[in-house]
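Here is structure.cif, consisting of mmCIF, C-alpha atoms:
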data_input
#
loop_
_atom_site.label_atom_id
_atom_site.label_comp_id
_atom_site.auth_asym_id
_atom_site.auth_seq_id
_atom_site.Cartn_x
_atom_site.Cartn_y
_atom_site.Cartn_z
CA MET R 40 -44.04 98.84 159.73
CA ASN R 41 -46.80 98.89 157.10
CA THR R 42 -47.65 96.12 154.68
CA SER R 43 -45.71 97.68 151.75
CA GLN R 44 -42.47 97.90 153.74
CA ALA R 45 -42.85 94.31 154.92
CA ASP R 46 -43.34 93.14 151.35
CA ASN R 47 -40.24 95.01 150.20
CA LYS R 48 -38.17 93.49 152.98
CA VAL R 49 -39.35 89.99 152.09
CA PHE R 50 -38.54 90.69 148.41
CA VAL R 51 -35.00 91.91 149.27
CA MET R 52 -34.31 88.93 151.54
CA SER R 53 -35.54 86.58 148.84
CA ASN R 54 -33.15 88.14 146.26
CA LEU R 55 -30.24 87.89 148.67
CA GLU R 56 -30.95 84.22 149.29
CA LYS R 57 -31.16 83.59 145.53
CA ASN R 58 -27.88 85.40 144.87
CA LYS R 59 -26.17 83.43 147.62
CA SER R 60 -27.40 80.13 146.22
CA VAL R 61 -26.25 81.17 142.73
CA ARG R 62 -22.76 82.03 144.03
CA VAL R 63 -22.50 78.73 145.88
CA THR R 64 -23.63 76.84 142.77
CA LEU R 65 -21.09 78.64 140.55
CA PHE R 66 -18.32 77.92 143.06
CA PHE R 67 -19.05 74.19 143.06
CA ILE R 68 -19.27 74.13 139.25
CA LEU R 69 -15.84 75.85 139.05
CA VAL R 70 -14.27 73.39 141.49
CA LEU R 71 -15.83 70.42 139.69
CA SER R 72 -14.64 71.59 136.26
CA MET R 73 -11.08 72.09 137.50
CA THR R 74 -11.14 68.64 139.09
CA LEU R 75 -12.39 66.96 135.91
CA THR R 76 -9.73 68.61 133.74
CA GLY R 77 -6.98 67.27 136.00
CA CYS R 78 -5.58 70.70 136.82
CA ARG R 79 -4.21 71.64 140.17
CA PRO R 80 -4.59 75.42 140.53
CA PHE R 81 -2.28 75.70 143.52
CA ASP R 82 1.42 75.21 143.96
CA TYR R 83 2.90 72.32 145.88
CA ALA R 84 4.36 74.42 148.66
CA ASP R 85 1.34 76.62 149.43
CA ASP R 86 -2.25 75.50 149.79
CA PRO R 87 -4.50 78.55 150.43
CA LEU R 88 -7.55 76.35 151.10
CA GLY R 89 -5.84 74.75 154.09
CA GLN R 90 -6.23 71.24 152.68
CA PRO R 91 -4.01 68.43 154.06
CA PRO R 92 -0.68 67.96 152.27
CA ALA R 93 -0.44 65.56 149.34
CA SER R 94 0.62 61.98 149.88
CA GLU R 95 4.27 61.07 149.52
CA GLU R 96 3.54 59.37 146.19
CA MET R 97 2.30 62.68 144.74
CA GLU R 98 5.10 64.84 146.13
CA PRO R 99 7.87 65.72 143.67
CA PRO R 100 11.21 64.01 144.39
CA ARG R 101 13.75 66.05 146.29
CA GLU R 102 17.17 65.73 147.88
CA LEU R 103 17.44 62.59 150.05
CA THR R 104 14.32 61.12 148.38
CA MET R 105 15.41 61.17 144.75
CA VAL R 106 14.12 58.65 142.22
CA SER R 107 15.62 56.97 139.19
CA LEU R 108 14.66 58.42 135.84
CA PRO R 109 12.78 56.25 133.32
CA ALA R 110 14.78 54.11 130.91
CA TYR R 111 16.93 56.41 128.79
CA ARG R 112 15.79 56.58 125.19
CA LEU R 113 18.33 57.53 122.58
CA ALA R 114 17.88 60.63 120.44
CA PRO R 115 20.04 62.95 118.33
CA PRO R 116 22.78 63.96 119.06
CA ASP R 117 23.61 61.27 121.65
CA VAL R 118 26.87 59.37 121.17
CA VAL R 119 27.02 55.60 121.72
CA MET R 120 29.90 53.16 121.96
CA VAL R 121 29.46 49.88 120.06
CA GLU R 122 31.78 46.95 120.72
CA ILE R 123 31.50 43.67 118.84
CA HIS R 124 32.35 40.42 120.60
CA LYS R 125 31.60 37.91 117.86
CA MET R 126 32.50 38.74 114.28
CA VAL R 127 32.15 35.69 112.04
CA PRO R 128 31.31 36.35 108.39
CA LYS R 129 28.10 34.93 107.10
CA PRO R 130 28.79 31.90 104.91
CA PRO R 131 29.90 31.53 102.25
CA TYR R 132 32.90 33.74 103.05
CA HIS R 133 35.14 34.56 100.10
CA LEU R 134 38.82 34.79 100.87
CA SER R 135 40.47 38.18 100.56
CA THR R 136 43.98 39.57 100.57
CA LEU R 137 45.81 39.49 103.90
CA ASP R 138 43.57 36.70 105.19
CA VAL R 139 45.54 33.96 106.96
CA LEU R 140 44.95 30.26 106.21
CA ARG R 141 46.00 27.27 108.26
CA ILE R 142 47.03 24.48 105.87
CA ASP R 143 48.07 20.96 106.94
CA VAL R 144 48.94 18.33 104.33
CA LEU R 145 49.70 14.62 104.69
CA GLY R 146 51.92 12.89 102.12
CA THR R 147 54.34 15.76 101.50
CA LEU R 148 58.03 15.52 100.86
CA LEU R 149 59.92 14.72 104.04
CA ASP R 150 62.20 17.73 103.85
CA GLN R 151 59.44 20.18 102.84
CA PRO R 152 56.36 19.66 105.02
CA ILE R 153 53.24 21.80 104.71
CA ASN R 154 52.07 22.46 108.23
CA ASP R 155 51.89 26.21 108.85
CA PHE R 156 49.97 29.49 108.50
CA TYR R 157 49.91 31.08 105.05
CA MET R 158 48.90 34.67 104.34
CA ILE R 159 47.18 35.56 101.10
CA SER R 160 49.42 38.13 99.44
CA ALA R 161 48.38 41.40 97.87
CA GLU R 162 48.24 39.55 94.52
CA GLY R 163 45.74 37.08 95.98
CA ILE R 164 48.07 34.05 96.03
CA ILE R 165 49.63 31.79 98.66
CA ASP R 166 53.19 30.41 98.41
CA LEU R 167 53.47 26.76 99.54
CA GLY R 168 57.25 26.56 99.25
CA PRO R 169 59.95 26.00 96.64
CA ALA R 170 58.89 22.46 95.80
CA TYR R 171 55.19 23.18 95.47
CA GLY R 172 54.96 26.68 94.06
CA SER R 173 52.07 29.11 94.55
CA LEU R 174 48.43 29.38 93.49
CA ARG R 175 45.66 31.96 93.52
CA VAL R 176 42.91 31.56 96.14
CA GLU R 177 41.47 35.08 96.44
CA GLY R 178 37.70 35.13 95.96
CA MET R 179 37.30 31.42 96.77
CA THR R 180 35.52 29.93 99.73
CA ALA R 181 37.54 27.79 102.18
CA ASP R 182 36.23 24.57 100.58
CA GLU R 183 37.04 25.82 97.11
CA ALA R 184 40.54 26.79 98.25
CA ARG R 185 41.07 23.32 99.78
CA VAL R 186 40.12 21.67 96.47
CA ALA R 187 42.38 24.09 94.57
CA VAL R 188 45.33 23.31 96.86
CA THR R 189 44.69 19.57 96.54
CA ASN R 190 44.64 19.78 92.74
CA HIS R 191 47.76 21.93 92.74
CA LEU R 192 49.71 19.55 94.99
CA SER R 193 48.55 16.52 93.01
CA GLN R 194 50.88 17.70 90.25
CA VAL R 195 53.83 17.00 92.58
CA LEU R 196 52.55 14.56 95.21
CA ARG R 197 50.68 11.29 95.06
CA MET R 198 47.24 11.53 96.71
CA PRO R 199 47.89 14.40 99.13
CA GLU R 200 45.40 14.88 101.98
CA VAL R 201 44.75 18.60 102.58
CA SER R 202 43.20 20.29 105.60
CA LEU R 203 42.51 24.04 105.16
CA ARG R 204 40.73 26.49 107.42
CA LEU R 205 40.49 30.27 107.81
CA ALA R 206 42.66 31.28 110.77
CA GLN R 207 42.38 35.07 110.63
CA MET R 208 40.30 37.48 108.62
CA ALA R 209 41.71 40.79 107.46
CA GLY R 210 39.08 41.83 104.95
CA LEU R 211 36.17 42.62 107.29
CA PRO R 212 35.72 46.33 107.98
CA PRO R 213 35.86 47.20 111.72
CA ILE R 214 32.67 47.80 113.68
CA SER R 215 33.71 48.73 117.22
CA GLY R 216 33.81 52.47 117.85
CA GLN R 217 31.79 55.55 118.78
CA TYR R 218 28.73 56.53 116.75
CA GLN R 219 26.63 59.69 116.96
CA VAL R 220 22.89 59.49 116.48
CA CYS R 221 22.24 61.50 113.32
CA PRO R 222 19.36 63.99 112.94
CA ASP R 223 17.36 61.28 111.13
CA GLY R 224 17.64 59.02 114.19
CA CYS R 225 20.13 56.58 112.63
CA ILE R 226 23.72 55.61 113.30
CA ASN R 227 25.95 54.96 110.30
CA LEU R 228 27.81 51.64 110.56
CA ARG R 229 29.64 52.48 107.33
CA HIS R 230 30.13 49.23 105.37
CA TYR R 231 27.24 47.59 107.24
CA GLY R 232 24.63 50.25 106.55
CA SER R 233 22.53 52.51 108.81
CA VAL R 234 20.37 51.52 111.76
CA TYR R 235 17.47 53.55 113.19
CA ILE R 236 17.76 53.67 116.99
CA ALA R 237 16.11 56.98 117.99
CA GLY R 238 13.53 56.49 120.74
CA MET R 239 14.99 53.11 121.71
CA THR R 240 16.48 51.97 125.00
CA LEU R 241 19.97 50.50 125.02
CA THR R 242 18.58 46.97 124.96
CA GLU R 243 16.31 47.74 122.01
CA ALA R 244 19.19 49.45 120.17
CA LYS R 245 21.44 46.42 120.77
CA PHE R 246 18.90 44.09 119.14
CA ALA R 247 18.37 46.50 116.23
CA ILE R 248 22.10 46.73 115.51
CA GLU R 249 22.60 42.97 115.78
CA ASP R 250 19.70 42.44 113.40
CA GLN R 251 21.34 44.78 110.87
CA LEU R 252 24.73 43.07 111.22
CA SER R 253 23.14 39.64 110.78
CA HIS R 254 22.84 40.43 107.07
CA TYR R 255 26.65 40.34 106.90
CA LEU R 256 27.79 38.29 109.92
CA ASN R 257 26.86 34.94 111.41
CA SER R 258 25.06 35.46 114.75
CA PRO R 259 26.82 38.74 115.67
CA SER R 260 27.06 39.73 119.32
CA ILE R 261 27.64 43.34 120.44
CA SER R 262 27.52 45.53 123.53
CA ILE R 263 26.40 49.15 123.50
CA ASP R 264 26.72 52.00 125.97
CA ILE R 265 26.16 55.77 126.01
CA VAL R 266 29.28 57.94 126.15
CA ALA R 267 27.61 61.36 125.69
CA TYR R 268 24.14 62.24 127.00
CA ASN R 269 23.44 65.10 124.60
CA SER R 270 19.70 64.87 124.01
CA LYS R 271 18.34 65.20 127.57
CA SER R 272 18.76 68.50 129.39
CA TYR R 273 17.17 71.07 131.68
CA TYR R 274 17.17 74.86 131.44
CA VAL R 275 18.04 77.66 133.84
CA VAL R 276 16.11 80.84 132.93
CA THR R 277 17.40 84.01 134.59
CA GLN R 278 15.17 87.05 134.29
CA GLY R 279 17.25 90.03 133.21
CA ALA R 280 15.65 92.95 135.08
CA ALA R 281 14.34 94.54 131.84
CA ASN R 282 17.59 93.78 130.00
CA GLY R 283 16.50 90.48 128.46
CA ASP R 284 16.30 87.02 129.99
CA SER R 285 19.19 84.58 129.74
CA VAL R 286 18.72 80.84 129.16
CA ARG R 287 21.35 78.20 129.87
CA LYS R 288 21.01 74.61 128.71
CA MET R 289 22.47 72.00 131.06
CA PRO R 290 22.92 68.27 130.35
CA ILE R 291 21.05 66.02 132.72
CA THR R 292 22.33 62.73 134.10
CA GLY R 293 19.49 61.96 136.52
CA ASN R 294 21.08 63.23 139.73
CA GLU R 295 20.63 67.02 139.55
CA THR R 296 18.77 69.11 142.11
CA VAL R 297 17.99 72.81 142.35
CA LEU R 298 21.19 73.34 144.35
CA ASP R 299 23.21 71.60 141.61
CA ALA R 300 21.66 73.84 138.96
CA ILE R 301 22.48 77.04 140.87
CA SER R 302 26.02 75.75 141.41
CA ASN R 303 26.44 75.01 137.69
CA ILE R 304 25.71 78.64 136.75
CA GLY R 305 28.01 80.04 139.46
CA GLY R 306 25.34 81.21 141.89
CA ILE R 307 22.41 83.62 141.76
CA PRO R 308 23.08 86.56 139.39
CA GLN R 309 23.25 90.07 140.79
CA VAL R 310 20.16 91.16 138.84
CA SER R 311 18.05 88.47 140.54
CA ASN R 312 16.41 88.09 143.88
CA GLN R 313 15.95 84.89 145.85
CA LYS R 314 12.56 84.05 144.39
CA MET R 315 12.63 81.06 142.04
CA TRP R 316 10.50 78.17 140.88
CA ILE R 317 10.49 75.11 138.61
CA ALA R 318 8.26 75.24 135.55
CA ARG R 319 7.65 71.60 134.62
CA PRO R 320 6.26 70.75 131.16
CA VAL R 321 2.76 69.30 130.98
CA PRO R 322 1.21 67.12 128.24
CA GLY R 323 0.50 68.71 124.86
CA ASN R 324 -2.83 70.51 124.82
CA SER R 325 -3.32 70.82 128.57
CA ALA R 326 -4.06 74.34 129.78
CA CYS R 327 -2.53 73.68 133.18
CA GLU R 328 0.86 74.84 134.40
CA GLN R 329 3.09 73.01 136.85
CA LYS R 330 4.84 75.69 138.87
CA ILE R 331 6.78 74.41 141.87
CA PRO R 332 8.00 77.23 144.18
CA ILE R 333 11.43 77.01 145.78
CA ASP R 334 12.60 78.40 149.12
CA TRP R 335 16.22 79.31 148.40
CA VAL R 336 16.91 80.61 151.90
CA ALA R 337 15.85 77.26 153.34
CA ILE R 338 17.97 75.34 150.84
CA SER R 339 21.05 77.43 151.59
CA ASN R 340 20.53 76.75 155.30
CA GLY R 341 20.45 72.98 154.79
CA ALA R 342 16.72 72.29 154.41
CA THR R 343 15.83 69.78 151.69
CA SER R 344 12.05 70.28 151.49
CA THR R 345 12.23 72.37 148.28
CA ASN R 346 15.58 71.18 146.90
CA TYR R 347 13.69 69.27 144.22
CA GLN R 348 15.14 66.80 141.78
CA LEU R 349 15.25 68.12 138.21
CA PHE R 350 13.87 66.16 135.28
CA PRO R 351 14.52 66.46 131.54
CA ASN R 352 13.07 69.66 130.02
CA ASP R 353 12.47 71.31 133.43
CA ARG R 354 12.84 75.11 133.53
CA LEU R 355 14.39 76.53 136.67
CA VAL R 356 13.30 80.17 136.65
CA ILE R 357 15.15 82.74 138.77
CA ALA R 358 13.11 85.90 139.25
CA GLN R 359 14.52 89.37 138.67
CA ASP R 360 15.10 92.04 141.30
CA ASN R 361 12.06 94.34 141.08
CA PHE R 362 14.00 97.41 142.25
CA LEU R 363 16.63 96.94 139.52
CA THR R 364 13.89 96.25 136.98
CA THR R 365 12.16 99.54 137.83
CA ALA R 366 15.48 101.42 137.75
CA ASN R 367 16.34 99.95 134.35
CA TRP R 368 12.93 100.84 132.92
CA ILE R 369 13.27 104.41 134.19
CA SER R 370 16.75 104.59 132.61
CA ARG R 371 15.34 103.40 129.31
CA ILE R 372 12.59 106.00 129.38
CA VAL R 373 14.89 108.84 130.44
CA ALA R 374 17.79 107.93 128.12
CA PRO R 375 16.30 109.47 124.91
CA PHE R 376 15.55 112.73 126.69
CA GLU R 377 19.08 112.79 128.12
CA ARG R 378 20.50 112.36 124.61
CA ILE R 379 18.31 115.17 123.28
CA ALA R 380 19.32 117.43 126.16
CA GLY R 381 22.98 116.57 125.60
CA VAL R 382 22.76 117.40 121.90
CA ALA R 383 20.97 120.67 122.66
CA THR R 384 23.57 121.63 125.29
CA PHE R 385 26.43 120.77 122.94
CA GLY R 386 24.84 122.83 120.16
CA ALA R 387 24.29 125.86 122.43
CA SER R 388 27.87 125.64 123.70
CA THR R 389 29.23 125.47 120.15
CA ILE R 390 27.21 128.53 119.06
CA ARG R 391 28.38 130.46 122.13
CA ASN R 392 32.02 129.60 121.44
CA LEU R 393 31.69 130.71 117.82
CA ARG R 394 30.20 134.02 118.91
CA ASN R 395 33.05 134.57 121.35
CA VAL R 396 35.63 133.91 118.63
CA ASP R 397 33.87 136.35 116.29
CA SER R 398 33.71 139.00 119.02
CA ASP R 399 37.43 138.63 119.80
CA TYR R 400 38.27 138.98 116.12
CA ASN R 401 36.24 142.19 115.79
CA ASN R 402 37.92 143.67 118.88
CA GLY R 403 41.35 143.23 117.38
CA TYR R 404 42.40 140.11 119.27
CA GLY R 405 42.26 137.95 116.17
CA TYR R 406 44.84 137.64 113.39
#
Final structure tokens representation of the file:
Amino acid sequence: MNTSQADNKVFVMSNLEKNKSVRVTLFFILVLSMTLTGCRPFDYADDPLGQPPASEEMEPPRELTMVSLPAYRLAPPDVVMVEIHKMVPKPPYHLSTLDVLRIDVLGTLLDQPINDFYMISAEGIIDLGPAYGSLRVEGMTADEARVAVTNHLSQVLRMPEVSLRLAQMAGLPPISGQYQVCPDGCINLRHYGSVYIAGMTLTEAKFAIEDQLSHYLNSPSISIDIVAYNSKSYYVVTQGAANGDSVRKMPITGNETVLDAISNIGGIPQVSNQKMWIARPVPGNSACEQKIPIDWVAISNGATSTNYQLFPNDRLVIAQDNFLTTANWISRIVAPFERIAGVATFGASTIRNLRNVDSDYNNGYGY
């Protein structure tokens, strides 16, 4: 080997070493950048780098190890049930028709005592009996009504002592009932106004409603519960083998798994194969994708390793059958040519039939 060949070999080996170091450097930069952005480029089930499995805290919940969902926050169009336990009007309360008063009087006539319940009539008056007559109390407070009754009885009795209290209210509009969260995030309590509860937990909504009612009632106390979970759901996306994907929206209650979702749609469609995965939403501007593969064969045989728990807004994607997809695409491509061929064949047959009719007519077989 001469000097020139030795120099060339050294030069080639030097370039190879440089290229190798560059590739190694680029690889570490790529891994570092993906680590800093918080992305995980690999699925949960498969780890092509052979790294040890994730800790149990990082594993997604699955059958037999399910977790409770975070506190439910109300949103349109959820439906809540509100029940009021304490409904005392905020003073001063003004008497209304059909209210019931308890009136006790000392110093009445012996044969006509006043010691009973009296309902305010539709005209706004109470009737104290034949000897005492009636008087109007509608619109008065309880103290004002007591003074009015005392003055009225003083026309007949000498120094009557009157005790009057409100026994039953009939004028307060009802509160208990079911309310739907409107698109603006409020529930309409009718006479008592609207309350914004979207984004609140049940406890926060309870305090918000009681605060609104406190403008009308004295220390109101309510209970609230959800009767229709309409705002939280997951989706089952079935690829349509070139005939369009189908999407089904399912309400979520916090106890659904992949097996439950497949059961809710009646099983795997005929246009699908057994490949499926969960696409889980990620925060706003993140470029990552959370794609959790599912082993349906294992699930159907009783394994729970990939029978994951579903969370609100999850997408369970069922892949299409590739053979059917190819067949459908071929049918779509061939269909126009089949139509053209059919039209051409029909046209040729029509012309041939017309010629045969004309020939028969010329040969004397016609009319």
### Message
When you look at Met105 of chain R with a cut-off of 7 Å (counting only C-alpha atoms), what residues show up, excluding the ones that are within fewer than 4 positions of it in the same chain? I need them as a list in words.
### Response
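Answer for this query is Pro100, Arg101 and Gln348 of chain R.
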#### Entry: Among the residues R:Pro351, R:Tyr235, R:Ser344, R:Pro320, the one that comes closest to Lys288 of chain R [using all atoms listed in the file]
R:Pro351
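Interatomic distance, atom CA of Val234 of chain R to atom CA of Ile248 of chain R: 6.3 Å.
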Radius query 7 Å about (17.8, 59.9, 138.8), atoms used: only C-alpha atoms, as a PDB file with C-alpha atoms, in the frame of the given file:
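Dumped everything to result_0.pdb:
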ATOM      1  CA  MET R 105      15.410  61.170 144.750  1.00  0.00           C
ATOM      2  CA  VAL R 106      14.120  58.650 142.220  1.00  0.00           C
ATOM      3  CA  SER R 107      15.620  56.970 139.190  1.00  0.00           C
ATOM      4  CA  LEU R 108      14.660  58.420 135.840  1.00  0.00           C
ATOM      5  CA  GLY R 293      19.490  61.960 136.520  1.00  0.00           C
ATOM      6  CA  ASN R 294      21.080  63.230 139.730  1.00  0.00           C
TER       7      ASN R 294
END
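Atom pair atom CA of Gln219 of chain R / atom CA of Pro109 of chain R has a distance of 21.7 Å (rounded to one decimal).
Minimum atom-to-atom distance to Ala209 of chain R, evaluated using all atoms listed in the file, belongs to R:Val127 out of R:Ile263, R:Ile390, R:Val127, R:Val382.
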### Query
Which residue, R:Ala300, R:Ile226, R:Leu205, R:Val276, has the smallest gap to Met179 of chain R when you use all atoms listed in the file?
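Residue with the minimum atom-to-atom distance to Met179 of chain R: R:Leu205.
One finds atom CA of Asn190 of chain R at 14.8 Å from atom CA of Ala170 of chain R.
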## Note on the structure
Of R:Thr147, R:Asn282, R:Ser233, R:Gln207, the one nearest to Gln194 of chain R when counting only C-alpha atoms is R:Thr147
### Message
Please expand the PyMOL selection byres ((chain R and resi 114) around 7) into the concrete residues it hits in this file, giving the result as a ChimeraX atom specification.
### Response
/R:112-113,115-117,220,224,237-238,270
### Query
Got a sec: who's within 12 Å of Leu211 of chain R, counting all atoms listed in the file, leaving out chain neighbours fewer than 5 positions off, as a list in words?
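Within the cut-off, the hits are Met126, Val127, Pro128, Lys129, Tyr132, His133, Leu134, Ser135, Thr136, Leu137, Asp138, Arg229, His230, Tyr231, Tyr255 and Leu256 of chain R.
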Store the residues of this selection in a file with C-alpha atoms, as an mmCIF file, in the frame of the given file.
data_model
loop_
_atom_site.group_PDB
_atom_site.id
_atom_site.type_symbol
_atom_site.label_atom_id
_atom_site.label_comp_id
_atom_site.auth_asym_id
_atom_site.auth_seq_id
_atom_site.Cartn_x
_atom_site.Cartn_y
_atom_site.Cartn_z
ATOM 1 C CA MET R 126 32.500 38.740 114.280
ATOM 2 C CA VAL R 127 32.150 35.690 112.040
ATOM 3 C CA PRO R 128 31.310 36.350 108.390
ATOM 4 C CA LYS R 129 28.100 34.930 107.100
ATOM 5 C CA TYR R 132 32.900 33.740 103.050
ATOM 6 C CA HIS R 133 35.140 34.560 100.100
ATOM 7 C CA LEU R 134 38.820 34.790 100.870
ATOM 8 C CA SER R 135 40.470 38.180 100.560
ATOM 9 C CA THR R 136 43.980 39.570 100.570
ATOM 10 C CA LEU R 137 45.810 39.490 103.900
ATOM 11 C CA ASP R 138 43.570 36.700 105.190
ATOM 12 C CA ARG R 229 29.640 52.480 107.330
ATOM 13 C CA HIS R 230 30.130 49.230 105.370
ATOM 14 C CA TYR R 231 27.240 47.590 107.240
ATOM 15 C CA TYR R 255 26.650 40.340 106.900
ATOM 16 C CA LEU R 256 27.790 38.290 109.920
#
